[in-house]
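Trainee: work_33.txt (compact mmCIF, C-alpha atoms and all ligand atoms) pasted underneath:
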```txt
# COMPACT_ATOMS: atom_id res chain seq x y z
CA MET A 1 32.26 2.86 -29.76
CA GLY A 2 34.55 4.94 -27.60
CA LEU A 3 33.80 3.16 -24.36
CA ASP A 4 36.55 0.99 -22.96
CA LEU A 5 35.13 -2.19 -21.43
CA HIS A 6 37.71 -2.35 -18.63
CA THR A 7 36.92 1.19 -17.56
CA LEU A 8 33.23 0.35 -17.70
CA LEU A 9 33.79 -2.72 -15.52
CA LEU A 10 35.66 -0.67 -12.93
CA VAL A 11 32.95 2.01 -12.91
CA THR A 12 30.29 -0.70 -12.55
CA ILE A 13 32.09 -2.35 -9.62
CA TYR A 14 32.39 1.01 -7.87
CA VAL A 15 28.83 2.20 -8.63
CA GLU A 16 27.24 -1.12 -7.60
CA ALA A 17 29.13 -1.07 -4.30
CA MET A 18 28.19 2.56 -3.61
CA LEU A 19 24.51 1.95 -4.42
CA GLY A 20 24.53 -1.15 -2.21
CA LEU A 21 25.93 0.85 0.70
CA LEU A 22 23.50 3.69 0.01
CA LEU A 23 20.54 1.28 0.18
CA LEU A 24 21.86 -0.31 3.37
CA PHE A 25 22.29 3.15 4.86
CA ALA A 26 18.69 3.99 3.89
CA TRP A 27 17.54 0.73 5.47
CA ALA A 28 19.32 1.60 8.73
CA GLN A 29 17.13 4.75 8.90
CA ASN A 30 13.92 2.68 8.72
CA THR A 31 14.67 -0.95 9.50
CA ARG A 32 11.00 -1.99 9.20
CA ILE A 33 11.24 -2.19 5.40
CA TYR A 34 13.49 -5.29 5.11
CA ALA A 35 13.26 -5.21 1.33
CA VAL A 36 15.65 -2.25 1.24
CA ALA A 37 18.34 -4.34 2.98
CA TRP A 38 17.82 -7.18 0.46
CA TRP A 39 18.15 -4.70 -2.41
CA GLY A 40 21.30 -3.25 -0.83
CA PHE A 41 22.93 -6.68 -0.61
CA ALA A 42 21.83 -7.40 -4.18
CA HIS A 43 23.94 -4.46 -5.39
CA LEU A 44 26.92 -5.55 -3.28
CA PHE A 45 26.64 -9.07 -4.72
CA ARG A 46 26.56 -7.64 -8.26
CA SER A 47 29.64 -5.57 -7.47
CA ALA A 48 31.45 -8.73 -6.32
CA SER A 49 30.21 -10.61 -9.37
CA VAL A 50 31.48 -7.97 -11.83
CA THR A 51 34.82 -7.93 -9.96
CA LEU A 52 35.17 -11.67 -10.62
CA PHE A 53 34.12 -11.26 -14.28
CA GLY A 54 36.84 -8.61 -14.57
CA LEU A 55 39.45 -11.18 -13.55
CA TYR A 56 38.64 -13.25 -16.66
CA GLY A 57 41.85 -14.67 -18.08
CA SER A 58 43.90 -14.10 -14.95
CA ALA A 59 42.01 -16.47 -12.65
CA SER A 60 40.40 -19.86 -13.19
CA ASP A 61 37.10 -20.17 -15.07
CA LEU A 62 35.61 -21.64 -11.92
CA ILE A 63 35.99 -18.24 -10.26
CA THR A 64 35.59 -15.82 -13.16
CA ILE A 65 32.68 -17.61 -14.81
CA ASP A 66 30.99 -20.08 -12.45
CA LEU A 67 31.29 -18.20 -9.18
CA ALA A 68 30.76 -14.82 -10.87
CA ASN A 69 27.56 -16.04 -12.53
CA ALA A 70 26.34 -17.68 -9.33
CA LEU A 71 26.80 -14.36 -7.50
CA LEU A 72 25.07 -12.48 -10.31
CA PHE A 73 22.00 -14.75 -10.29
CA THR A 74 21.84 -14.63 -6.49
CA ALA A 75 21.90 -10.83 -6.69
CA PHE A 76 18.90 -10.80 -9.05
CA ALA A 77 17.19 -13.35 -6.78
CA MET A 78 17.71 -10.98 -3.84
CA THR A 79 16.06 -8.12 -5.72
CA TYR A 80 13.12 -10.46 -6.45
CA ILE A 81 12.87 -11.60 -2.82
CA GLY A 82 13.03 -7.95 -1.72
CA ALA A 83 10.07 -7.18 -4.00
CA ARG A 84 8.03 -10.01 -2.42
CA LEU A 85 8.88 -8.85 1.10
CA PHE A 86 8.13 -5.23 0.15
CA ASP A 87 4.53 -6.20 -0.56
CA GLY A 88 4.22 -8.43 2.50
CA ARG A 89 4.65 -11.79 0.74
CA SER A 90 6.84 -14.61 1.99
CA PHE A 91 9.47 -16.40 -0.11
CA GLN A 92 10.88 -19.89 -0.47
CA PRO A 93 14.62 -20.02 0.35
CA ILE A 94 15.07 -22.11 -2.82
CA ALA A 95 14.27 -18.95 -4.84
CA LEU A 96 17.52 -17.43 -3.59
CA VAL A 97 19.78 -20.14 -5.01
CA ALA A 98 17.64 -21.62 -7.81
CA GLY A 99 19.29 -19.57 -10.58
CA ALA A 100 22.82 -20.31 -9.39
CA VAL A 101 22.08 -24.05 -9.01
CA VAL A 102 20.46 -24.30 -12.45
CA TRP A 103 23.48 -22.55 -13.96
CA LEU A 104 26.05 -24.74 -12.20
CA LEU A 105 24.24 -27.93 -13.20
CA LEU A 106 23.35 -27.09 -16.81
CA SER A 107 26.63 -25.37 -17.67
CA ARG A 108 28.31 -28.74 -17.13
CA THR A 109 26.19 -30.56 -19.68
CA ALA A 110 27.81 -31.07 -23.06
CA LEU A 111 25.14 -29.05 -24.86
CA VAL A 112 25.80 -25.89 -22.83
CA ALA A 113 29.50 -26.35 -22.09
CA ASP A 114 30.41 -26.57 -25.80
CA SER A 115 28.30 -23.69 -27.06
CA MET A 116 28.87 -20.05 -26.19
CA ASP A 117 25.40 -19.23 -27.56
CA ALA A 118 23.82 -21.78 -25.24
CA ARG A 119 25.76 -20.38 -22.24
CA VAL A 120 24.72 -16.82 -23.04
CA LEU A 121 21.12 -17.93 -23.57
CA LEU A 122 21.10 -19.79 -20.25
CA SER A 123 22.58 -16.95 -18.21
CA SER A 124 20.39 -14.35 -19.95
CA GLY A 125 17.33 -16.51 -19.39
CA ILE A 126 18.01 -16.80 -15.66
CA VAL A 127 18.50 -13.04 -15.27
CA ALA A 128 15.43 -12.28 -17.42
CA ILE A 129 13.23 -14.66 -15.40
CA TYR A 130 14.28 -13.12 -12.07
CA THR A 131 13.86 -9.60 -13.46
CA TRP A 132 10.41 -10.32 -14.88
CA LEU A 133 9.32 -12.07 -11.68
CA THR A 134 10.36 -8.93 -9.79
CA ALA A 135 8.30 -6.79 -12.22
CA VAL A 136 5.30 -9.11 -11.68
CA GLU A 137 5.61 -8.78 -7.88
CA PHE A 138 5.56 -4.99 -8.07
CA TRP A 139 2.64 -5.12 -10.50
CA ARG A 140 0.67 -7.38 -8.14
CA GLY A 141 1.00 -4.78 -5.38
CA ARG A 142 -0.26 -1.91 -7.56
CA ALA A 143 -3.35 -1.39 -5.34
CA GLU A 144 -0.99 0.53 -3.07
CA PRO A 145 -0.82 3.97 -4.68
CA LEU A 146 2.96 4.42 -5.04
CA VAL A 147 3.86 6.53 -8.07
CA SER A 148 7.30 4.91 -8.46
CA ARG A 149 5.80 1.42 -8.85
CA ILE A 150 4.99 1.85 -12.54
CA PRO A 151 8.49 3.02 -13.66
CA ALA A 152 9.92 0.13 -11.61
CA VAL A 153 7.70 -2.40 -13.44
CA CYS A 154 8.50 -0.92 -16.88
CA MET A 155 12.23 -0.73 -16.25
CA LEU A 156 12.48 -4.28 -14.91
CA PHE A 157 10.46 -5.63 -17.80
CA ALA A 158 12.60 -3.79 -20.38
CA HIS A 159 15.86 -4.87 -18.74
CA GLY A 160 14.75 -8.51 -18.75
CA ALA A 161 13.86 -8.26 -22.45
CA LEU A 162 17.21 -6.64 -23.30
CA TYR A 163 19.06 -9.37 -21.47
CA LEU A 164 17.26 -12.04 -23.48
CA MET A 165 18.15 -10.23 -26.71
CA ARG A 166 21.81 -10.85 -25.97
CA THR A 167 21.62 -14.21 -27.68
CA PRO A 168 20.48 -13.04 -31.13
CA ILE A 169 22.90 -10.13 -30.86
CA VAL A 170 25.94 -12.23 -30.02
CA SER A 171 25.24 -14.66 -32.83
CA PHE A 172 26.38 -11.85 -35.17
CA VAL A 173 29.63 -11.53 -33.29
CA PRO A 174 32.33 -14.20 -33.07
CA TRP A 175 32.57 -15.10 -29.38
CA SER A 176 34.69 -18.20 -29.43
CA ALA A 177 38.13 -16.63 -29.41
CA GLN A 178 38.92 -15.54 -25.87
CA SER A 179 40.44 -12.22 -26.87
CA GLN A 180 37.24 -11.20 -28.60
CA ILE A 181 34.98 -11.71 -25.63
CA LEU A 182 36.27 -8.68 -23.81
CA SER A 183 36.69 -6.57 -26.91
CA SER A 184 33.19 -7.19 -28.25
CA VAL A 185 31.31 -3.99 -28.96
CA TRP A 186 28.07 -5.65 -27.94
CA LEU A 187 29.45 -6.58 -24.57
CA THR A 188 30.35 -2.91 -24.08
CA VAL A 189 26.86 -1.79 -25.07
CA LEU A 190 25.20 -4.36 -22.82
CA SER A 191 27.49 -3.58 -19.91
CA PHE A 192 26.69 0.11 -20.33
CA GLU A 193 22.96 -0.65 -20.31
CA ALA A 194 23.42 -2.83 -17.20
CA LEU A 195 25.21 0.06 -15.49
CA LEU A 196 22.46 2.56 -16.33
CA PHE A 197 19.83 0.04 -15.26
CA THR A 198 21.45 -0.62 -11.92
CA ILE A 199 21.71 3.11 -11.14
CA SER A 200 18.10 3.79 -12.16
CA ILE A 201 16.60 0.79 -10.41
CA ALA A 202 18.44 1.57 -7.16
CA PHE A 203 16.95 5.07 -7.12
CA ILE A 204 13.49 3.83 -8.04
CA LEU A 205 13.59 1.20 -5.29
CA LEU A 206 14.71 3.88 -2.83
CA ALA A 207 11.89 6.13 -4.01
CA MET A 208 9.37 3.32 -3.51
CA ALA A 209 10.56 2.72 0.06
CA LYS A 210 10.46 6.46 0.78
CA GLU A 211 6.97 6.79 -0.70
CA ARG A 212 5.82 3.82 1.38
CA THR A 213 7.13 5.45 4.58
CA GLU A 214 5.47 8.77 3.74
CA PHE A 215 2.21 7.02 2.85
CA GLN A 216 2.26 5.17 6.19
CA HIS A 217 2.86 8.39 8.11
CA LYS A 218 0.07 10.14 6.25
CA THR A 219 -2.32 7.24 6.83
CA ALA A 220 -1.40 7.07 10.52
CA ALA A 221 -2.24 10.76 10.87
CA LEU A 222 -5.67 10.41 9.23
CA ILE A 223 -6.97 6.92 10.04
CA ASP A 224 -8.24 5.79 13.42
CA PRO A 225 -6.11 2.74 14.26
CA LEU A 226 -8.82 0.85 16.18
CA THR A 227 -11.61 0.98 13.59
CA GLY A 228 -9.64 1.71 10.39
CA ILE A 229 -11.95 4.59 9.43
CA PRO A 230 -11.00 8.29 9.08
CA ASN A 231 -10.39 10.08 12.37
CA ARG A 232 -11.97 13.38 13.39
CA ARG A 233 -9.39 15.52 11.60
CA ALA A 234 -9.65 13.58 8.33
CA PHE A 235 -13.45 13.52 8.51
CA LEU A 236 -13.76 17.27 9.08
CA GLU A 237 -11.26 18.04 6.29
CA ARG A 238 -13.01 15.79 3.76
CA ALA A 239 -16.44 16.93 4.89
CA SER A 240 -15.53 20.58 4.24
CA GLU A 241 -14.23 19.66 0.77
CA LEU A 242 -17.36 17.67 0.05
CA LEU A 243 -19.67 20.46 1.19
CA SER A 244 -17.85 23.13 -0.82
CA GLN A 245 -18.16 20.92 -3.94
CA ARG A 246 -21.89 20.66 -3.32
CA ALA A 247 -22.26 24.36 -2.49
CA ASN A 248 -24.64 25.30 -5.29
CA SER A 249 -25.80 21.92 -6.55
CA GLY A 250 -29.30 22.30 -5.10
CA GLN A 251 -29.33 18.55 -4.29
CA PRO A 252 -30.27 17.40 -0.78
CA TRP A 253 -27.60 15.79 1.39
CA ALA A 254 -27.57 14.45 4.93
CA VAL A 255 -25.43 14.21 8.04
CA LEU A 256 -25.82 11.40 10.58
CA LEU A 257 -24.36 11.68 14.06
CA LEU A 258 -24.17 8.33 15.85
CA ASP A 259 -23.38 7.62 19.49
CA LEU A 260 -23.27 4.19 21.12
CA ASP A 261 -25.69 3.80 24.00
CA HIS A 262 -24.59 3.28 27.60
CA PHE A 263 -21.10 2.53 26.39
CA LYS A 264 -19.46 3.46 29.67
CA SER A 265 -21.60 0.91 31.45
CA ILE A 266 -20.76 -1.77 28.84
CA ASN A 267 -17.05 -1.03 29.36
CA ASP A 268 -17.50 -1.26 33.12
CA ARG A 269 -19.42 -4.53 33.00
CA PHE A 270 -17.60 -6.43 30.21
CA GLY A 271 -14.18 -4.79 30.07
CA HIS A 272 -12.40 -2.37 27.75
CA ALA A 273 -11.37 -5.11 25.30
CA ILE A 274 -15.01 -6.00 24.62
CA GLY A 275 -15.71 -2.27 24.29
CA ASP A 276 -13.01 -2.05 21.64
CA GLN A 277 -14.47 -5.02 19.78
CA ILE A 278 -17.90 -3.37 19.81
CA LEU A 279 -16.39 -0.22 18.26
CA GLN A 280 -14.85 -2.39 15.52
CA ILE A 281 -18.13 -4.21 14.91
CA PHE A 282 -19.87 -0.85 14.67
CA ALA A 283 -17.38 0.49 12.11
CA GLU A 284 -17.60 -2.73 10.08
CA THR A 285 -21.39 -3.09 10.01
CA THR A 286 -21.89 0.62 9.35
CA GLN A 287 -19.45 0.69 6.44
CA SER A 288 -21.25 -2.27 4.91
CA LYS A 289 -24.41 -0.13 4.73
CA LEU A 290 -22.68 2.81 3.03
CA GLU A 291 -21.80 3.54 -0.58
CA ARG A 292 -18.35 4.50 -1.83
CA LYS A 293 -19.20 8.18 -2.08
CA ASP A 294 -20.45 8.38 1.53
CA LEU A 295 -18.06 9.66 4.17
CA ILE A 296 -17.70 8.20 7.66
CA GLY A 297 -15.45 9.29 10.52
CA ARG A 298 -14.85 8.55 14.20
CA LEU A 299 -15.25 11.92 15.89
CA GLY A 300 -13.95 10.56 19.19
CA GLY A 301 -14.72 7.89 21.81
CA GLU A 302 -17.97 6.16 20.79
CA GLU A 303 -19.21 8.98 18.58
CA PHE A 304 -19.24 8.73 14.78
CA ALA A 305 -20.47 10.92 11.91
CA ILE A 306 -21.53 10.13 8.36
CA ILE A 307 -22.18 12.36 5.37
CA LEU A 308 -24.52 11.05 2.67
CA PRO A 309 -23.78 13.42 -0.20
CA ASP A 310 -26.91 12.67 -2.24
CA ALA A 311 -29.56 11.65 0.26
CA GLY A 312 -32.91 13.29 0.80
CA ARG A 313 -35.00 12.78 3.92
CA GLU A 314 -36.33 9.32 3.10
CA LYS A 315 -33.02 7.86 2.04
CA ALA A 316 -31.15 9.36 5.00
CA LEU A 317 -33.68 7.94 7.47
CA ALA A 318 -33.63 4.56 5.75
CA VAL A 319 -29.81 4.37 5.89
CA ALA A 320 -29.77 5.47 9.53
CA GLU A 321 -32.40 2.89 10.44
CA ARG A 322 -30.54 0.13 8.60
CA ILE A 323 -27.34 1.01 10.46
CA ARG A 324 -29.18 1.07 13.79
CA SER A 325 -30.89 -2.30 13.35
CA THR A 326 -27.90 -4.09 11.77
CA PHE A 327 -25.64 -2.95 14.59
CA ALA A 328 -28.16 -3.98 17.26
CA ASP A 329 -28.18 -7.49 15.74
CA ALA A 330 -24.41 -7.71 15.24
CA ALA A 331 -23.56 -6.41 18.72
CA ALA A 332 -26.15 -8.38 20.70
CA THR A 333 -23.53 -10.94 21.66
CA VAL A 334 -19.77 -10.30 21.57
CA ASP A 335 -17.27 -12.99 22.50
CA GLY A 336 -20.06 -14.96 24.16
CA CYS A 337 -21.17 -11.98 26.30
CA ALA A 338 -24.73 -10.68 25.95
CA VAL A 339 -23.69 -7.02 25.69
CA ASN A 340 -26.77 -5.85 23.71
CA SER A 341 -24.97 -2.75 22.47
CA THR A 342 -27.08 -0.26 20.51
CA VAL A 343 -26.67 3.10 18.83
CA SER A 344 -28.69 6.33 18.74
CA VAL A 345 -28.66 8.44 15.60
CA GLY A 346 -29.36 12.12 14.97
CA VAL A 347 -30.07 13.02 11.32
CA VAL A 348 -29.94 16.39 9.58
CA VAL A 349 -31.09 16.77 5.98
CA GLU A 350 -29.98 19.92 4.20
CA GLU A 351 -31.72 20.94 1.00
CA GLY A 352 -30.21 24.27 0.04
CA ALA A 353 -26.72 25.79 0.09
CA ALA A 354 -24.38 24.07 2.51
CA PRO A 355 -23.65 25.77 5.81
CA ASP A 356 -20.32 24.87 7.40
CA ILE A 357 -19.89 21.35 8.77
CA ALA A 358 -19.65 22.50 12.41
CA THR A 359 -23.13 24.06 12.18
CA VAL A 360 -24.65 20.95 10.63
CA LEU A 361 -23.00 18.69 13.23
CA SER A 362 -24.38 20.82 16.02
CA GLN A 363 -27.90 20.39 14.58
CA ALA A 364 -27.34 16.64 14.31
CA ASP A 365 -26.16 16.69 17.92
CA GLN A 366 -29.47 18.15 18.99
CA ALA A 367 -31.38 15.43 17.17
CA LEU A 368 -29.08 12.86 18.77
CA TYR A 369 -29.75 14.34 22.19
CA TYR A 370 -33.43 13.94 21.48
CA ALA A 371 -32.94 10.29 20.47
CA LYS A 372 -31.14 9.66 23.76
CA ALA A 373 -33.85 11.44 25.73
CA ARG A 374 -36.55 9.36 24.07
CA GLY A 375 -35.03 6.07 25.14
CA ARG A 376 -31.93 5.44 22.91
CA ASN A 377 -31.53 2.79 20.15
CA ARG A 378 -33.48 5.06 17.81
CA VAL A 379 -33.19 7.51 14.94
CA GLU A 380 -34.36 11.12 15.14
CA LEU A 381 -34.50 13.70 12.39
CA ALA A 382 -33.80 17.40 12.83
CA SER A 383 -33.98 20.13 10.24
CA LEU A 384 -31.83 23.21 10.07
CA ASP A 385 -34.75 25.37 9.04
CA LEU A 386 -36.68 24.32 12.07
CA VAL A 387 -33.82 25.20 14.39
CA ARG A 388 -33.15 28.50 12.63
CA ASP A 389 -36.81 29.41 12.81
CA HIS A 390 -37.00 28.67 16.50
CA GLY A 391 -33.51 29.80 17.34
CA ARG A 392 -33.10 26.82 19.70
CA ARG A 393 -29.49 25.87 19.29
CA HIS A 394 -28.82 24.16 22.59
CA LEU A 395 -32.09 22.47 23.31
CA PRO A 396 -33.38 19.22 21.91
CA ILE A 397 -35.78 19.83 19.08
CA ALA A 398 -38.89 17.92 18.20
CA ALA A 399 -38.41 15.49 15.37
CA SER A 400 -39.78 16.96 12.18
CA ALA A 401 -40.62 13.58 10.72
CA PRO A 402 -42.04 10.36 12.04
CA THR A 403 -39.30 8.90 14.24
CA GLN A 404 -38.01 5.42 13.68
CA SER A 405 -38.21 3.88 17.05
CA ALA A 406 -36.67 0.63 18.07
CA ALA A 407 -38.55 -2.38 19.26
P1 LIG B 1 -24.93 7.52 26.38
O1 LIG B 1 -25.86 6.40 26.06
O2 LIG B 1 -25.63 8.67 27.00
O3 LIG B 1 -24.13 7.94 25.20
O4 LIG B 1 -23.93 6.99 27.48
P2 LIG B 1 -22.45 6.53 27.30
O5 LIG B 1 -22.07 5.71 28.48
O6 LIG B 1 -22.28 5.88 25.98
O7 LIG B 1 -21.67 7.90 27.23
P3 LIG B 1 -20.41 8.44 27.99
O8 LIG B 1 -19.97 9.64 27.22
O9 LIG B 1 -20.72 8.62 29.45
O10 LIG B 1 -19.33 7.30 27.89
C1 LIG B 1 -18.59 7.08 26.78
C2 LIG B 1 -17.62 5.99 27.11
O11 LIG B 1 -16.91 5.55 25.95
C3 LIG B 1 -16.59 6.42 28.12
C4 LIG B 1 -15.28 5.86 27.60
O12 LIG B 1 -14.64 5.08 28.56
C5 LIG B 1 -15.69 5.00 26.43
N1 LIG B 1 -14.69 4.98 25.37
C6 LIG B 1 -14.23 6.03 24.66
N2 LIG B 1 -13.32 5.64 23.75
C7 LIG B 1 -13.19 4.29 23.91
C8 LIG B 1 -12.36 3.29 23.27
O13 LIG B 1 -11.57 3.56 22.35
N3 LIG B 1 -12.49 2.01 23.69
C9 LIG B 1 -13.36 1.67 24.69
N4 LIG B 1 -13.43 0.40 25.05
N5 LIG B 1 -14.11 2.60 25.31
C10 LIG B 1 -14.04 3.87 24.94
MG MG B 2 -22.59 7.07 24.23
MG MG B 3 -20.61 9.99 23.51
```
Once you've parsed the file, please lay out its structure as structure tokens.
Mentor:
Amino acid sequence: MGLDLHTLLLVTIYVEAMLGLLLLFAWAQNTRIYAVAWWGFAHLFRSASVTLFGLYGSASDLITIDLANALLFTAFAMTYIGARLFDGRSFQPIALVAGAVVWLLLSRTALVADSMDARVLLSSGIVAIYTWLTAVEFWRGRAEPLVSRIPAVCMLFAHGALYLMRTPIVSFVPWSAQSQILSSVWLTVLSFEALLFTISIAFILLAMAKERTEFQHKTAALIDPLTGIPNRRAFLERASELLSQRANSGQPWAVLLLDLDHFKSINDRFGHAIGDQILQIFAETTQSKLERKDLIGRLGGEEFAIILPDAGREKALAVAERIRSTFADAAATVDGCAVNSTVSVGVVVEEGAAPDIATVLSQADQALYYAKARGRNRVELASLDLVRDHGRRHLPIAASAPTQSAA
């Protein structure tokens, strides 16, 4: 092995410190992700720990072994705590010092103090546990679609396993003589692996934080913050995609346009905050009546649209009626106020090739207008063919099916 351990130690000290500063610099750019700061300090702690290990022989064991190990375990604890914070979980302060305390207590017992194997096993075990716990935290948060999560989990798991393997490996090598500790080939190999690990994990953690920020920006641009459903832009984009996929399928599909009734008056009488709550109740109750493949969006104000990609006339009317009646029940009383909020729905069912979404929405708007004109809190059905035949694009059209009127 042509790698000199002292050179490797120096490189590790330098690289750990640089990565720590890099992570702290990245955190300063977006201070909301605290985990990045924890990970930055973890690298700085590891740099300090390796510095103390490097002083072995020229300083007391208390500093070069006990303090160095305590710093090392605290560094791995910080990476673990960062992983918990990254996914919005809290942590117990004891987790930060548990490894260091266990080491300081157990390394003084006769069993551990007299056996190099036991000391290596103990320190490897502490590092492996922290590393695996970190992997588990990232795995638990996998519902968030970050591509860099999986390499992070694999790398942490593998590093923990390699650390634990130190014990069987060192039992082949005589460790007791002091001179041989630093000249051990295995120590060189393991230090090299630790160096590669620390570089890779720092970049993966950075990538995760960057992905998270980009994901948040993307979500903010496409999701309506009040109701948590897609905004107008997202709805129209996805609707166009959906319609082009269905272009020649020959299956019927439906569009629902929904507008809350007398919402201005409700705002005026009960306040804007109640109005906001009603919008949230509407989004919640409506989503509960939809399937995964259906698409909903807030087009603006108190106007919403839904695409049912595989609904014929009967199903579309049934869904619209269920939404209408469920909402009327859910929004009868809000925060103790009898607001009696209701919704009117215009429905378009398209059987043939899909026209563009703007055309279909304008037909649904005409049916909606008709629902409003006939007293609100009701569902009305339009049909594109009917409008095309009559060429009445801006006038309310007669419902082409029995209307579902409210009580
Ligand atoms: P109609 O039954 O004919 O639809 O009457 P309307 O009062 O619902 O219709 P109009 O378009 O006159 O009023 C819509 C109101 O919706 C006006 C606006 O203040 C309110 N609004 C729009 N966005 C929000 C919001 O985010 N929160 C609240 N609380 N109100 C909103
Ligand atoms: Mg309205
Ligand atoms: Mg409106």
Trainee: Provide the atom CA of Leu368 of chain A to atom CA of Leu381 of chain A distance in Å, to one decimal place.
Mentor: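 Value for the atom CA of Leu368 of chain A-atom CA of Leu381 of chain A distance: 8.4 Å.
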Trainee: Taking all atoms listed in the file into account, which residues are within 6 Å of ligand MG 3 (chain B), as a PyMOL selection string?
Mentor: chain A and resi 259+302-303
Trainee: Residues within 10 Å of ligand MG 2 (chain B) should be enumerated using all atoms listed in the file and returned as a CSV table (one decimal) with C-alpha atoms, in the coordinates of the input.
Mentor:
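The new file result18.csv reads:
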```csv
chain,number,residue,atom,x,y,z
A,258,LEU,CA,-24.2,8.3,15.8
A,259,ASP,CA,-23.4,7.6,19.5
A,260,LEU,CA,-23.3,4.2,21.1
A,261,ASP,CA,-25.7,3.8,24.0
A,262,HIS,CA,-24.6,3.3,27.6
A,263,PHE,CA,-21.1,2.5,26.4
A,264,LYS,CA,-19.5,3.5,29.7
A,265,SER,CA,-21.6,0.9,31.4
A,301,GLY,CA,-14.7,7.9,21.8
A,302,GLU,CA,-18.0,6.2,20.8
A,303,GLU,CA,-19.2,9.0,18.6
A,342,THR,CA,-27.1,-0.3,20.5
A,343,VAL,CA,-26.7,3.1,18.8
A,344,SER,CA,-28.7,6.3,18.7
A,372,LYS,CA,-31.1,9.7,23.8
A,376,ARG,CA,-31.9,5.4,22.9
```
Trainee: Could you give me the centre and size, in Å to one decimal, of an axis-aligned box around all listed atoms of segment 51-63 of chain A with 5 Å added on every side, as AutoDock Vina command-line options?
Mentor:
```
--center_x 39.0 --center_y -14.8 --center_z -14.0 --size_x 19.8 --size_y 23.7 --size_z 18.1
```
Trainee: Restricting the calculation to all atoms listed in the file, which member of A:Gln251, A:Thr7, A:Thr227, A:Thr134 is positioned closest to Leu308 of chain A?
Mentor: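 Once distances to Leu308 of chain A are computed over all atoms listed in the file, the minimum belongs to A:Gln251.
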Trainee: What separation in Å, quoted to one decimal, exists between atom CA of Ala283 of chain A and atom CA of Gly228 of chain A?
Mentor: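 Interatomic distance, atom CA of Ala283 of chain A to atom CA of Gly228 of chain A: 8.0 Å.
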Trainee: Enter the distance from atom CA of Arg32 of chain A to atom CA of Leu96 of chain A, in Å, rounded to one decimal.
Mentor: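 For atom CA of Arg32 of chain A relative to atom CA of Leu96 of chain A, the distance reads 21.1 Å.
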Trainee: When distances are computed from all atoms listed in the file, which of A:Ile306, A:Ala113, A:Ala48, A:Val120 shows the smallest separation from Ile63 of chain A?
Mentor: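 Counting all atoms listed in the file, the residue closest to Ile63 of chain A is A:Ala48.
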Trainee: Contacts of Trp103 of chain A at 8 Å or less, counting only C-alpha atoms, minus same-chain residues fewer than 4 places along, as a CSV table (one decimal) with C-alpha atoms, in the frame of the given file?
Mentor:
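Below you can see out-v5.csv, which holds the result:
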```
chain,number,residue,atom,x,y,z
A,69,ASN,CA,27.6,-16.0,-12.5
A,70,ALA,CA,26.3,-17.7,-9.3
A,99,GLY,CA,19.3,-19.6,-10.6
A,107,SER,CA,26.6,-25.4,-17.7
A,122,LEU,CA,21.1,-19.8,-20.2
A,123,SER,CA,22.6,-17.0,-18.2
```
Trainee: Using only C-alpha atoms and all ligand atoms, which of A:Ile150, A:Val136, A:Ile274, A:Val347 sits nearest ligand LIG 1 (chain B)?
Mentor: A:Ile274
Trainee: Determine the nearest neighbour of Thr213 of chain A from the options A:Leu10, A:Leu146, A:Glu137, A:Ala305, counting only C-alpha atoms.
Mentor: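 Distance minimum relative to Thr213 of chain A lands on A:Leu146.
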Trainee: Go through A:Tyr369, A:Trp27, A:Phe235, A:Phe192 and flag the residue nearest ligand LIG 1 (chain B), using all atoms listed in the file for the distances.
Mentor: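 Of the candidates, the smallest distance to ligand LIG 1 (chain B) is held by A:Tyr369.
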Trainee: Of the candidates A:Asn377, A:Ser249, A:Thr12, A:Gln29, which shows the shortest atom-to-atom distance to ligand LIG 1 (chain B), using all atoms listed in the file?
Mentor: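 Of A:Asn377, A:Ser249, A:Thr12, A:Gln29, the one nearest ligand LIG 1 (chain B) is A:Asn377, counting all atoms listed in the file.
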Trainee: For Gly40 of chain A, list every protein, DNA or RNA residue within 10 Å, evaluated using only C-alpha atoms, and leave out those in the same chain fewer than 2 positions away; present the list as a list of chain:residue names.
Mentor: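 My list of contacting residues is A:Glu16, A:Ala17, A:Met18, A:Leu19, A:Gly20, A:Leu21, A:Leu22, A:Leu23, A:Leu24, A:Phe25, A:Ala26, A:Trp27, A:Ala35, A:Val36, A:Ala37, A:Trp38, A:Ala42, A:His43, A:Leu44, A:Phe45, A:Ala75, A:Met78, A:Thr79, A:Gly82, A:Ala202, A:Leu205, A:Leu206.
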Trainee: Counting all atoms listed in the file, find the residues whose atoms lie at most 7 Å from (6.0, 4.3, -6.7) (file coordinates) and write them out as a list in words.
Mentor: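 I get Leu146, Val147, Ser148, Arg149, Ile150, Ala207, Met208 and Glu211 of chain A for the residues within 7 Å of that point.
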Trainee: Can you tell me which residues surround Ala161 of chain A at a distance of at most 10 Å, considering all atoms listed in the file, apart from same-chain residues fewer than 2 positions away, and format the answer as an MDAnalysis selection string?
Mentor: chainID A and resid 124:125 127:129 131:132 155:159 163:166
Trainee: Those same residues - C-alpha atoms - I'd like them written as a compact mmCIF listing (two decimals), in the frame of the given file.
Mentor:
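Writing the result to part-v8.txt gives the following:
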```txt
# COMPACT_ATOMS: atom_id res chain seq x y z
CA SER A 124 20.39 -14.35 -19.95
CA GLY A 125 17.33 -16.51 -19.39
CA VAL A 127 18.50 -13.04 -15.27
CA ALA A 128 15.43 -12.28 -17.42
CA ILE A 129 13.23 -14.66 -15.40
CA THR A 131 13.86 -9.60 -13.46
CA TRP A 132 10.41 -10.32 -14.88
CA MET A 155 12.23 -0.73 -16.25
CA LEU A 156 12.48 -4.28 -14.91
CA PHE A 157 10.46 -5.63 -17.80
CA ALA A 158 12.60 -3.79 -20.38
CA HIS A 159 15.86 -4.87 -18.74
CA TYR A 163 19.06 -9.37 -21.47
CA LEU A 164 17.26 -12.04 -23.48
CA MET A 165 18.15 -10.23 -26.71
CA ARG A 166 21.81 -10.85 -25.97
```
